[in-house]
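Trainee: You'll find run.txt just under this line, and it carries compact mmCIF, C-alpha atoms.
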```txt
# COMPACT_ATOMS: atom_id res chain seq x y z
CA MET A 1 167.62 352.82 41.60
CA ALA A 2 166.21 349.33 42.14
CA ALA A 3 168.08 346.18 41.14
CA ILE A 4 167.05 344.69 37.82
CA ASP A 5 165.36 341.28 38.09
CA ASN A 6 165.29 339.15 34.94
CA THR A 7 162.86 336.60 36.38
CA HIS A 8 159.94 337.78 34.23
CA ASN A 9 161.75 339.22 31.24
CA PRO A 10 159.45 338.93 28.14
CA ALA A 11 162.47 338.69 25.83
CA LEU A 12 163.55 335.50 27.55
CA ALA A 13 160.14 333.92 27.03
CA GLN A 14 160.55 334.14 23.22
CA GLU A 15 163.83 332.19 23.22
CA GLY A 16 164.32 328.44 23.13
CA ALA A 17 164.35 326.46 26.37
CA LEU A 18 168.10 325.74 26.24
CA THR A 19 168.94 329.36 25.34
CA ARG A 20 166.76 330.63 28.18
CA PHE A 21 168.42 328.21 30.59
CA LEU A 22 171.95 329.23 29.56
CA ARG A 23 171.11 332.93 29.67
CA ALA A 24 169.39 332.70 33.05
CA THR A 25 172.15 330.63 34.70
CA GLU A 26 174.93 332.48 32.79
CA ILE A 27 176.60 329.16 31.95
CA ASP A 28 179.01 329.29 29.01
CA SER A 29 177.63 327.10 26.21
CA ARG A 30 181.15 325.84 25.49
CA MET A 31 181.45 324.71 29.10
CA LEU A 32 178.23 322.77 28.83
CA GLY A 33 179.45 321.21 25.60
CA MET A 34 182.73 320.22 27.24
CA ILE A 35 180.90 318.52 30.11
CA GLY A 36 178.81 316.66 27.55
CA ALA A 37 181.95 315.60 25.67
CA LEU A 38 183.52 314.38 28.92
CA LEU A 39 180.47 312.24 29.69
CA VAL A 40 180.51 310.81 26.16
CA ILE A 41 184.21 309.93 26.54
CA TRP A 42 183.66 308.24 29.89
CA ILE A 43 180.60 306.28 28.80
CA GLY A 44 182.18 305.33 25.47
CA PHE A 45 185.35 303.96 27.07
CA ASP A 46 183.34 302.07 29.69
CA ILE A 47 181.07 300.45 27.10
CA TYR A 48 184.00 299.62 24.80
CA SER A 49 186.07 298.11 27.62
CA GLY A 50 183.01 296.11 28.69
CA LEU A 51 182.62 294.66 25.20
CA LEU A 52 186.30 293.65 25.13
CA ARG A 53 186.82 292.10 28.55
CA GLY A 54 184.10 293.17 30.94
CA GLY A 55 184.44 294.89 34.29
CA GLU A 56 182.55 296.46 37.16
CA GLY A 57 181.93 299.88 35.67
CA LEU A 58 178.59 301.62 35.38
CA PHE A 59 178.07 300.25 31.85
CA GLY A 60 179.80 296.92 32.38
CA GLY A 61 183.33 298.08 31.57
CA SER A 62 186.44 298.89 33.55
CA PHE A 63 186.60 302.68 33.04
CA LEU A 64 183.76 303.94 35.26
CA THR A 65 184.99 302.21 38.41
CA PRO A 66 185.99 303.97 41.65
CA ARG A 67 189.55 302.72 41.32
CA ASN A 68 190.04 303.93 37.75
CA LEU A 69 188.37 307.31 38.32
CA TRP A 70 190.39 307.85 41.51
CA ILE A 71 193.59 307.17 39.58
CA LEU A 72 192.35 309.38 36.72
CA LEU A 73 191.94 312.33 39.10
CA VAL A 74 195.46 311.79 40.46
CA GLN A 75 196.92 311.62 36.95
CA THR A 76 195.06 314.80 35.96
CA SER A 77 196.45 316.79 38.89
CA SER A 78 199.87 317.48 37.38
CA ILE A 79 198.50 318.72 34.04
CA ALA A 80 195.71 320.67 35.75
CA VAL A 81 198.18 322.62 37.91
CA MET A 82 200.22 323.74 34.90
CA THR A 83 197.08 324.48 32.89
CA THR A 84 196.05 327.18 35.37
CA GLY A 85 199.23 329.08 34.56
CA MET A 86 199.00 328.44 30.83
CA VAL A 87 195.64 330.22 30.81
CA LEU A 88 197.27 333.44 31.96
CA ILE A 89 200.13 333.00 29.48
CA ILE A 90 197.75 332.58 26.53
CA VAL A 91 195.42 335.33 27.77
CA MET A 92 198.42 337.68 27.50
CA ARG A 93 198.89 336.56 23.86
CA HIS A 94 201.99 334.51 24.64
CA ILE A 95 202.75 330.78 24.61
CA ASP A 96 205.00 328.57 26.74
CA LEU A 97 206.37 325.46 25.04
CA SER A 98 208.90 324.75 27.77
CA VAL A 99 206.68 323.68 30.69
CA GLY A 100 207.26 319.96 30.12
CA SER A 101 211.03 320.41 30.03
CA ILE A 102 210.96 322.65 33.12
CA LEU A 103 209.00 319.90 34.85
CA GLY A 104 211.58 317.28 33.87
CA PHE A 105 214.59 319.41 34.86
CA THR A 106 213.05 320.39 38.19
CA ALA A 107 212.09 316.79 38.94
CA VAL A 108 215.62 315.46 38.41
CA CYS A 109 217.03 318.28 40.57
CA ILE A 110 214.59 317.37 43.34
CA GLY A 111 215.38 313.66 42.99
CA THR A 112 219.14 314.20 42.93
CA MET A 113 218.96 316.37 46.02
CA GLN A 114 216.95 313.75 47.90
CA VAL A 115 218.81 310.61 46.84
CA TYR A 116 222.43 311.73 46.53
CA TRP A 117 222.80 314.76 48.80
CA LEU A 118 220.34 315.19 51.64
CA GLY A 119 219.58 311.49 52.11
CA PRO A 120 223.21 310.49 52.87
CA ALA A 121 223.89 313.73 54.79
CA LEU A 122 220.81 313.78 57.05
CA GLY A 123 219.78 310.15 56.97
CA VAL A 124 217.09 308.49 54.88
CA GLY A 125 213.61 309.55 55.99
CA HIS A 126 214.70 312.74 57.77
CA PRO A 127 211.58 314.96 58.06
CA SER A 128 213.27 318.03 56.60
CA ILE A 129 214.33 316.40 53.32
CA TRP A 130 211.03 316.75 51.50
CA ILE A 131 210.58 320.35 52.67
CA VAL A 132 214.05 321.49 51.57
CA THR A 133 213.79 319.80 48.17
CA LEU A 134 210.27 321.10 47.56
CA VAL A 135 211.39 324.67 48.27
CA LEU A 136 214.42 324.13 46.03
CA GLY A 137 212.21 322.88 43.21
CA LEU A 138 209.86 325.86 43.47
CA ALA A 139 212.83 328.26 43.44
CA ILE A 140 214.31 326.60 40.34
CA GLY A 141 210.98 326.71 38.50
CA ALA A 142 210.37 330.35 39.40
CA ALA A 143 213.90 331.34 38.34
CA ILE A 144 213.61 329.61 34.96
CA GLY A 145 210.22 331.23 34.34
CA ALA A 146 211.59 334.64 35.30
CA LEU A 147 214.50 334.15 32.89
CA HIS A 148 212.11 333.36 30.05
CA GLY A 149 209.92 336.33 30.95
CA THR A 150 212.89 338.68 31.01
CA LEU A 151 214.04 337.59 27.55
CA ILE A 152 210.53 338.09 26.23
CA ALA A 153 209.66 341.36 27.96
CA TYR A 154 212.96 343.25 27.99
CA PHE A 155 214.80 341.82 24.99
CA GLY A 156 211.82 341.62 22.67
CA ILE A 157 212.29 337.96 21.72
CA PRO A 158 208.96 336.28 20.83
CA SER A 159 207.68 333.89 23.49
CA PHE A 160 207.41 331.10 20.93
CA ILE A 161 211.16 331.27 20.23
CA VAL A 162 212.23 331.71 23.86
CA THR A 163 210.16 328.81 25.16
CA LEU A 164 210.96 326.60 22.17
CA GLY A 165 214.60 327.14 23.03
CA GLY A 166 213.76 326.46 26.67
CA LEU A 167 212.10 323.19 25.68
CA ILE A 168 215.36 322.01 24.12
CA VAL A 169 217.75 323.51 26.69
CA TRP A 170 216.05 322.29 29.86
CA ARG A 171 215.43 318.82 28.44
CA GLY A 172 219.14 318.60 27.72
CA ALA A 173 219.95 320.01 31.16
CA ALA A 174 217.79 317.33 32.77
CA TRP A 175 219.81 314.66 30.96
CA SER A 176 223.11 316.25 31.97
CA VAL A 177 222.16 316.21 35.68
CA ILE A 178 221.55 312.46 35.86
CA ARG A 179 223.13 311.24 32.58
CA GLY A 180 219.99 309.40 31.53
CA GLU A 181 219.72 307.41 34.77
CA THR A 182 216.62 306.96 36.90
CA VAL A 183 216.79 308.58 40.33
CA ALA A 184 214.88 306.52 42.90
CA PRO A 185 213.43 306.00 45.42
CA MET A 186 212.14 309.34 46.59
CA ASP A 187 211.83 310.35 50.24
CA LYS A 188 208.97 308.50 51.94
CA ASN A 189 207.31 311.73 53.10
CA PHE A 190 207.73 313.37 49.71
CA LYS A 191 206.10 310.32 48.09
CA LEU A 192 202.79 311.21 49.77
CA ILE A 193 202.57 314.36 47.59
CA GLY A 194 201.94 312.05 44.63
CA GLY A 195 199.14 310.15 46.35
CA GLY A 196 201.22 307.01 46.86
CA ILE A 197 201.37 304.81 49.94
CA SER A 198 204.42 305.10 52.18
CA GLY A 199 204.44 302.05 54.42
CA ILE A 200 200.93 302.15 55.83
CA THR A 201 200.48 305.90 55.32
CA PRO A 202 198.41 306.74 52.23
CA GLY A 203 198.77 309.97 50.30
CA SER A 204 195.12 310.79 50.94
CA ILE A 205 192.97 312.12 53.77
CA GLY A 206 190.51 309.27 54.38
CA ALA A 207 186.73 309.06 54.36
CA THR A 208 185.81 311.23 57.35
CA ALA A 209 188.02 314.16 56.39
CA SER A 210 186.82 313.87 52.78
CA TRP A 211 183.15 314.15 53.81
CA ILE A 212 183.97 317.12 56.03
CA LEU A 213 185.82 318.79 53.17
CA GLY A 214 182.99 318.03 50.75
CA LEU A 215 180.38 319.57 53.04
CA ALA A 216 182.62 322.59 53.61
CA ILE A 217 182.95 323.11 49.84
CA CYS A 218 179.16 322.84 49.46
CA ALA A 219 178.71 325.49 52.15
CA ALA A 220 181.25 327.68 50.35
CA ILE A 221 179.38 327.29 47.04
CA VAL A 222 176.10 328.37 48.62
CA ALA A 223 177.81 331.27 50.41
CA LEU A 224 179.49 332.48 47.21
CA ILE A 225 176.25 332.39 45.25
CA TRP A 226 174.44 334.25 48.04
CA HIS A 227 177.25 336.82 48.29
CA GLY A 228 177.28 337.29 44.52
CA ARG A 229 173.55 337.98 44.47
CA LYS A 230 173.92 340.41 47.35
CA GLN A 231 176.68 342.28 45.51
CA ARG A 232 174.56 342.48 42.34
CA LYS A 233 171.74 344.03 44.33
CA ARG A 234 174.14 346.47 45.92
CA PHE A 235 175.46 347.74 42.58
CA HIS A 236 172.10 347.47 40.77
CA PHE A 237 173.22 344.79 38.34
CA ALA A 238 170.83 342.36 36.64
CA LEU A 239 169.87 339.45 38.89
CA ARG A 240 169.61 335.83 37.93
CA PRO A 241 166.18 334.24 38.52
CA MET A 242 165.97 332.53 41.90
CA TRP A 243 165.43 329.15 40.26
CA ALA A 244 168.74 329.65 38.42
CA GLU A 245 170.48 330.34 41.72
CA TYR A 246 169.01 327.14 43.17
CA VAL A 247 170.06 325.15 40.09
CA LEU A 248 173.64 326.42 40.26
CA ALA A 249 173.91 325.75 44.00
CA GLY A 250 172.28 322.33 43.70
CA ALA A 251 174.39 321.28 40.72
CA GLY A 252 177.61 322.41 42.40
CA CYS A 253 176.82 320.59 45.63
CA LEU A 254 175.73 317.48 43.73
CA VAL A 255 179.05 317.34 41.85
CA VAL A 256 181.06 317.82 45.05
CA LEU A 257 179.14 315.22 47.05
CA GLY A 258 179.23 312.80 44.11
CA ALA A 259 182.99 313.20 43.82
CA THR A 260 183.36 312.69 47.57
CA TRP A 261 181.29 309.50 47.44
CA LEU A 262 183.41 308.31 44.52
CA VAL A 263 186.79 308.77 46.21
CA ASN A 264 185.43 307.17 49.37
CA SER A 265 184.37 304.11 47.35
CA TYR A 266 187.98 303.21 46.55
CA TYR A 267 189.53 301.18 49.35
CA TRP A 268 193.03 300.29 50.51
CA PRO A 269 194.49 297.14 48.88
CA LYS A 270 194.40 294.01 51.02
CA GLY A 271 198.17 293.96 51.46
CA VAL A 272 198.19 297.50 52.88
CA VAL A 273 195.31 296.65 55.22
CA ASP A 274 197.20 293.59 56.47
CA ARG A 275 200.36 295.65 57.13
CA TRP A 276 198.27 298.28 58.88
CA ALA A 277 196.61 295.65 61.07
CA GLN A 278 199.98 294.09 61.90
CA GLN A 279 201.53 297.38 62.96
CA THR A 280 198.52 298.72 64.85
CA GLY A 281 197.32 295.44 66.35
CA ALA A 282 193.86 295.83 64.78
CA THR A 283 191.74 292.78 64.00
CA VAL A 284 190.73 292.23 60.39
CA PRO A 285 187.49 290.22 59.95
CA PRO A 286 187.49 287.22 57.54
CA GLU A 287 185.55 289.18 54.91
CA GLY A 288 188.21 291.90 54.96
CA LEU A 289 188.20 295.53 56.05
CA ASP A 290 187.17 298.44 53.85
CA ILE A 291 189.26 301.55 54.52
CA ALA A 292 188.56 304.35 52.06
CA PHE A 293 191.33 306.40 50.48
CA GLY A 294 189.26 309.59 50.23
CA TYR A 295 190.63 312.64 48.44
CA SER A 296 194.27 312.20 47.42
CA ILE A 297 196.85 314.85 48.23
CA PRO A 298 197.68 315.69 44.57
CA VAL A 299 194.00 316.27 43.85
CA LEU A 300 193.78 318.58 46.87
CA ILE A 301 196.89 320.42 45.67
CA ALA A 302 195.33 320.88 42.22
CA LEU A 303 192.06 322.11 43.75
CA GLY A 304 193.95 324.52 45.99
CA VAL A 305 195.98 325.84 43.06
CA GLY A 306 192.80 326.19 40.99
CA ILE A 307 191.03 328.17 43.72
CA GLY A 308 194.07 330.36 44.30
CA MET A 309 194.61 331.04 40.62
CA THR A 310 190.91 331.81 40.11
CA PHE A 311 191.10 334.36 42.92
CA LEU A 312 194.30 335.77 41.45
CA ALA A 313 192.79 336.10 37.99
CA ASN A 314 189.40 337.50 38.99
CA ARG A 315 189.84 339.33 42.28
CA THR A 316 193.25 341.01 42.17
CA ARG A 317 194.73 343.98 40.34
CA PHE A 318 197.42 341.67 38.94
CA GLY A 319 194.78 339.45 37.33
CA ARG A 320 192.87 342.39 35.88
CA TYR A 321 196.10 343.72 34.40
CA ILE A 322 196.72 340.37 32.69
CA TYR A 323 193.32 340.38 31.00
CA ALA A 324 193.69 344.06 30.10
CA ILE A 325 197.05 343.38 28.44
CA GLY A 326 195.61 340.43 26.56
CA GLY A 327 192.61 342.43 25.39
CA ASN A 328 194.65 345.36 24.08
CA PRO A 329 198.39 345.52 24.88
CA GLU A 330 198.86 349.03 23.50
CA ALA A 331 195.93 350.47 25.44
CA ALA A 332 197.09 348.74 28.62
CA GLU A 333 200.55 350.28 28.31
CA LEU A 334 199.09 353.71 27.63
CA ALA A 335 196.93 353.27 30.75
CA GLY A 336 200.08 353.01 32.85
CA ILE A 337 200.32 349.22 33.27
CA ASN A 338 203.90 347.99 33.45
CA THR A 339 203.44 345.28 30.82
CA ARG A 340 207.06 344.14 30.97
CA LYS A 341 206.97 343.54 34.71
CA ILE A 342 203.64 341.70 34.46
CA THR A 343 205.06 339.50 31.69
CA VAL A 344 208.05 338.49 33.83
CA MET A 345 205.79 337.78 36.80
CA VAL A 346 203.40 335.62 34.76
CA PHE A 347 206.20 333.51 33.29
CA SER A 348 207.79 333.17 36.72
CA LEU A 349 204.44 332.02 38.07
CA MET A 350 204.21 329.51 35.22
CA GLY A 351 207.64 328.13 36.16
CA THR A 352 206.56 327.79 39.80
CA LEU A 353 203.45 325.86 38.78
CA ALA A 354 205.59 323.59 36.58
CA ALA A 355 207.74 322.90 39.65
CA ILE A 356 204.63 321.97 41.66
CA SER A 357 203.65 319.57 38.88
CA ALA A 358 207.20 318.17 38.89
CA SER A 359 206.84 317.41 42.59
CA ILE A 360 203.49 315.68 42.04
CA SER A 361 204.72 313.64 39.06
CA SER A 362 208.01 312.50 40.58
CA ALA A 363 206.35 311.70 43.90
CA ARG A 364 203.61 309.70 42.17
CA LEU A 365 206.14 307.67 40.16
CA ASP A 366 208.55 307.47 43.13
CA SER A 367 211.35 308.33 40.71
CA ALA A 368 212.69 311.01 38.40
CA THR A 369 214.01 310.64 34.86
CA ASN A 370 215.08 313.12 32.19
CA ALA A 371 212.06 312.02 30.10
CA LEU A 372 209.56 313.06 32.77
CA GLY A 373 207.08 315.63 31.45
CA GLN A 374 207.77 314.88 27.79
CA PHE A 375 204.94 316.24 25.58
CA ASP A 376 203.23 317.74 28.67
CA GLU A 377 203.43 321.17 27.04
CA LEU A 378 201.11 319.93 24.28
CA TYR A 379 198.61 318.49 26.74
CA VAL A 380 198.66 321.68 28.81
CA ILE A 381 198.10 323.96 25.81
CA ALA A 382 195.39 321.66 24.46
CA ALA A 383 193.65 321.58 27.85
CA ALA A 384 193.66 325.38 28.09
CA VAL A 385 192.25 325.79 24.56
CA ILE A 386 189.65 323.05 25.06
CA GLY A 387 188.66 324.81 28.28
CA GLY A 388 187.77 328.00 26.38
CA THR A 389 191.01 330.01 26.46
CA SER A 390 191.26 331.99 23.23
CA LEU A 391 194.57 331.94 21.39
CA ALA A 392 193.79 335.51 20.32
CA GLY A 393 194.22 336.56 23.96
CA GLY A 394 192.06 338.33 26.51
CA LEU A 395 189.67 335.42 27.17
CA GLY A 396 189.95 332.33 29.36
CA THR A 397 188.92 330.82 32.69
CA ILE A 398 190.84 328.74 35.20
CA TYR A 399 188.01 326.30 35.93
CA GLY A 400 187.41 325.78 32.20
CA ALA A 401 191.06 324.92 31.64
CA MET A 402 191.09 322.46 34.55
CA LEU A 403 188.03 320.76 33.10
CA GLY A 404 189.87 320.68 29.77
CA ALA A 405 192.78 318.95 31.54
CA LEU A 406 190.35 316.30 32.79
CA VAL A 407 189.08 315.78 29.24
CA MET A 408 192.62 315.37 27.88
CA GLN A 409 193.66 312.97 30.64
CA SER A 410 190.43 310.99 30.21
CA LEU A 411 191.35 310.42 26.57
CA GLN A 412 194.86 309.38 27.54
CA SER A 413 193.73 307.13 30.37
CA GLY A 414 190.98 305.47 28.34
CA MET A 415 193.26 304.71 25.40
CA THR A 416 195.92 303.33 27.76
CA LEU A 417 193.30 301.18 29.48
CA LEU A 418 192.31 299.73 26.12
CA ASN A 419 195.95 299.17 25.09
CA PHE A 420 195.96 301.63 22.22
CA GLU A 421 199.34 302.06 20.57
CA SER A 422 201.39 305.10 21.57
CA ALA A 423 201.26 306.43 18.00
CA THR A 424 197.47 306.26 18.00
CA LYS A 425 197.28 308.19 21.26
CA ASP A 426 199.55 310.91 19.90
CA MET A 427 197.45 311.24 16.76
CA VAL A 428 194.25 311.54 18.78
CA VAL A 429 195.74 314.26 21.00
CA GLY A 430 196.91 316.19 17.93
CA CYS A 431 193.49 315.96 16.28
CA VAL A 432 191.77 317.09 19.49
CA LEU A 433 194.07 320.13 19.71
CA VAL A 434 193.35 321.16 16.10
CA PHE A 435 189.62 320.64 16.62
CA ALA A 436 189.68 322.74 19.80
CA VAL A 437 191.34 325.64 17.97
CA PHE A 438 188.77 325.30 15.17
CA VAL A 439 185.93 325.50 17.70
CA ASP A 440 187.57 328.56 19.27
CA GLN A 441 187.73 330.28 15.86
CA VAL A 442 184.07 329.49 15.11
CA TYR A 443 182.98 330.72 18.54
CA ARG A 444 184.87 334.00 18.21
CA ARG A 445 183.33 334.66 14.79
CA ARG A 446 179.85 334.06 16.20
CA VAL A 447 180.25 336.40 19.17
CA LYS A 448 181.68 339.28 17.11
```
Could you spell out this file's structure in structure tokens?

Mentor:
Amino acid sequence: MAAIDNTHNPALAQEGALTRFLRATEIDSRMLGMIGALLVIWIGFDIYSGLLRGGEGLFGGSFLTPRNLWILLVQTSSIAVMTTGMVLIIVMRHIDLSVGSILGFTAVCIGTMQVYWLGPALGVGHPSIWIVTLVLGLAIGAAIGALHGTLIAYFGIPSFIVTLGGLIVWRGAAWSVIRGETVAPMDKNFKLIGGGISGITPGSIGATASWILGLAICAAIVALIWHGRKQRKRFHFALRPMWAEYVLAGAGCLVVLGATWLVNSYYWPKGVVDRWAQQTGATVPPEGLDIAFGYSIPVLIALGVGIGMTFLANRTRFGRYIYAIGGNPEAAELAGINTRKITVMVFSLMGTLAAISASISSARLDSATNALGQFDELYVIAAAVIGGTSLAGGLGTIYGAMLGALVMQSLQSGMTLLNFESATKDMVVGCVLVFAVFVDQVYRRRVK
């Protein structure tokens, strides 16, 4: 049997141009709409900030500048990491309201270990401090998630109730650990996880390594598209038109190279350059020296988590079981899937991801407080739903949720940049969440 080629399909010729494009490239229309919404948000904030006080952004404002977008990506990293786990939780028809509190509790445990225990015992700056505390944080997050999963799977308590209780309990536990104090400063090596600068060492990889990474990702995109087409031919599945393959490869590479150029356009502050020159003996010309930050470590962590979670969800038996359970829990159990075990594993994974986000957040702020991560559960859930994860279960993508996290953080960052009141920001986030659920309901009715 020959592979089916849709290049000259007469049915496609009778459809509209946009419909033909989406069908040929297999791009989710909601994903395209979300990208459009993100561009509208960025351009709107840049124009508005330009009208208020001017700037160097693309439209005369202060939002679309390399510095602000670099910081935006760093701020998105923490939410994006947790969002990848929330997708799997919601796909299984559960919810986790405790991720923000787990983040806060884990962060204060990490900070307390660094500042009050390991620092005095081993000496400030000892190279093992950040490793030990990071492992401790991951273990705490995984254990809390496993506890929640056990209560849900084996005791039959609804996930909403368990995690709502967890939200209250772990927030209180965070306060009890440090009694409302601020734990600071964090270990200098640990601080790099948040993208900060420790002395003259930035939490980023620099221009050269960023370009190498960008080109490597482009090569991987082309290889994956080529491999996917080869696999479709092998199993006699319908093929995308060649022009669609070129468009997908070109668009992916363009985004990666554009992002690489952007992060390489943000340079070290003058004070850091002066300290670097003083310690290394380098000569700084009168006009200054431009040293690019490149990709920050938290952004690389988020990308790595996103790739790993995408592989887990799409290419492993564990991931297929999750989507099967979300699609029809009764049928999945009758098919021999251990739904209780999978539930515990998914919630434990969610706790581990919350611990990773705790490390990023506390390292970025160079401190830990019991209020860290407050309301993050709302942003994470909203990001997952905006990214196309259905609250009815069985449907959701990792990359869509991460893009949703970028949309949510763009709203937060833009309103903060324009000095919106905290109450206004909360109201906007709430409205966006309700609107995202409404769009999900409309979409599901249309595809039925």

Trainee: For each of A:Gly195, A:Gly306, A:Gly55, A:Pro298, take the minimum atom-to-atom distance to Thr76 (chain A), counting only C-alpha atoms, then give the residue where this is smallest.

Mentor: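 Distance minimum relative to Thr76 (chain A) lands on A:Pro298.
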
Trainee: Quick one: contact table of region 7-105 of chain A to region 143-151 of chain A, 12 Å max, nearest atom pair and distance in Å to one decimal per residue, counting only C-alpha atoms, chain and number order, as a tab-separated table?

Mentor:
```
residue	atom	partner	partner_atom	distance
A:Gly85	CA	A:Gly145	CA	11.2
A:Ile89	CA	A:Gly149	CA	10.4
A:His94	CA	A:Gly149	CA	10.3
A:Ile95	CA	A:Gly149	CA	11.1
A:Asp96	CA	A:His148	CA	9.2
A:Leu97	CA	A:His148	CA	11.0
A:Ser98	CA	A:Gly145	CA	9.3
A:Val99	CA	A:Gly145	CA	9.1
A:Ser101	CA	A:Ile144	CA	10.8
A:Ile102	CA	A:Ile144	CA	7.7
A:Leu103	CA	A:Ile144	CA	10.7
A:Phe105	CA	A:Ile144	CA	10.2
```

Trainee: Between A:Val87, A:Val183, A:Ile297, A:Leu122, which one has atoms that come closest to Ile381 (chain A), using only C-alpha atoms?

Mentor: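 Closest residue, counting only C-alpha atoms: A:Val87.
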
Trainee: Which is closer to Leu349 (chain A) than all the others in A:Ala142, A:Ala184, A:Leu58, A:Val263, using only C-alpha atoms?

Mentor: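 Once distances to Leu349 (chain A) are computed over only C-alpha atoms, the minimum belongs to A:Ala142.
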
Trainee: Which residue, A:Gln409, A:Glu181, A:Gly199, A:Tyr266, has the smallest gap to Gln279 (chain A) when you use only C-alpha atoms?

Mentor: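 Nearest to Gln279 (chain A): A:Gly199.
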
Trainee: Considering all atoms listed in the file, can you say which of A:Leu38, A:Ala324, A:Leu73, A:Ile200 comes closest to Thr280 (chain A)?

Mentor: A:Ile200

Trainee: Compare A:Leu372, A:Leu136, A:Leu39, A:Ile27 by their minimum atom-to-atom distance to Ala251 (chain A), counting only C-alpha atoms, and give me the closest one.

Mentor: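 Using only C-alpha atoms, Ala251 (chain A) sits closest to A:Ile27.
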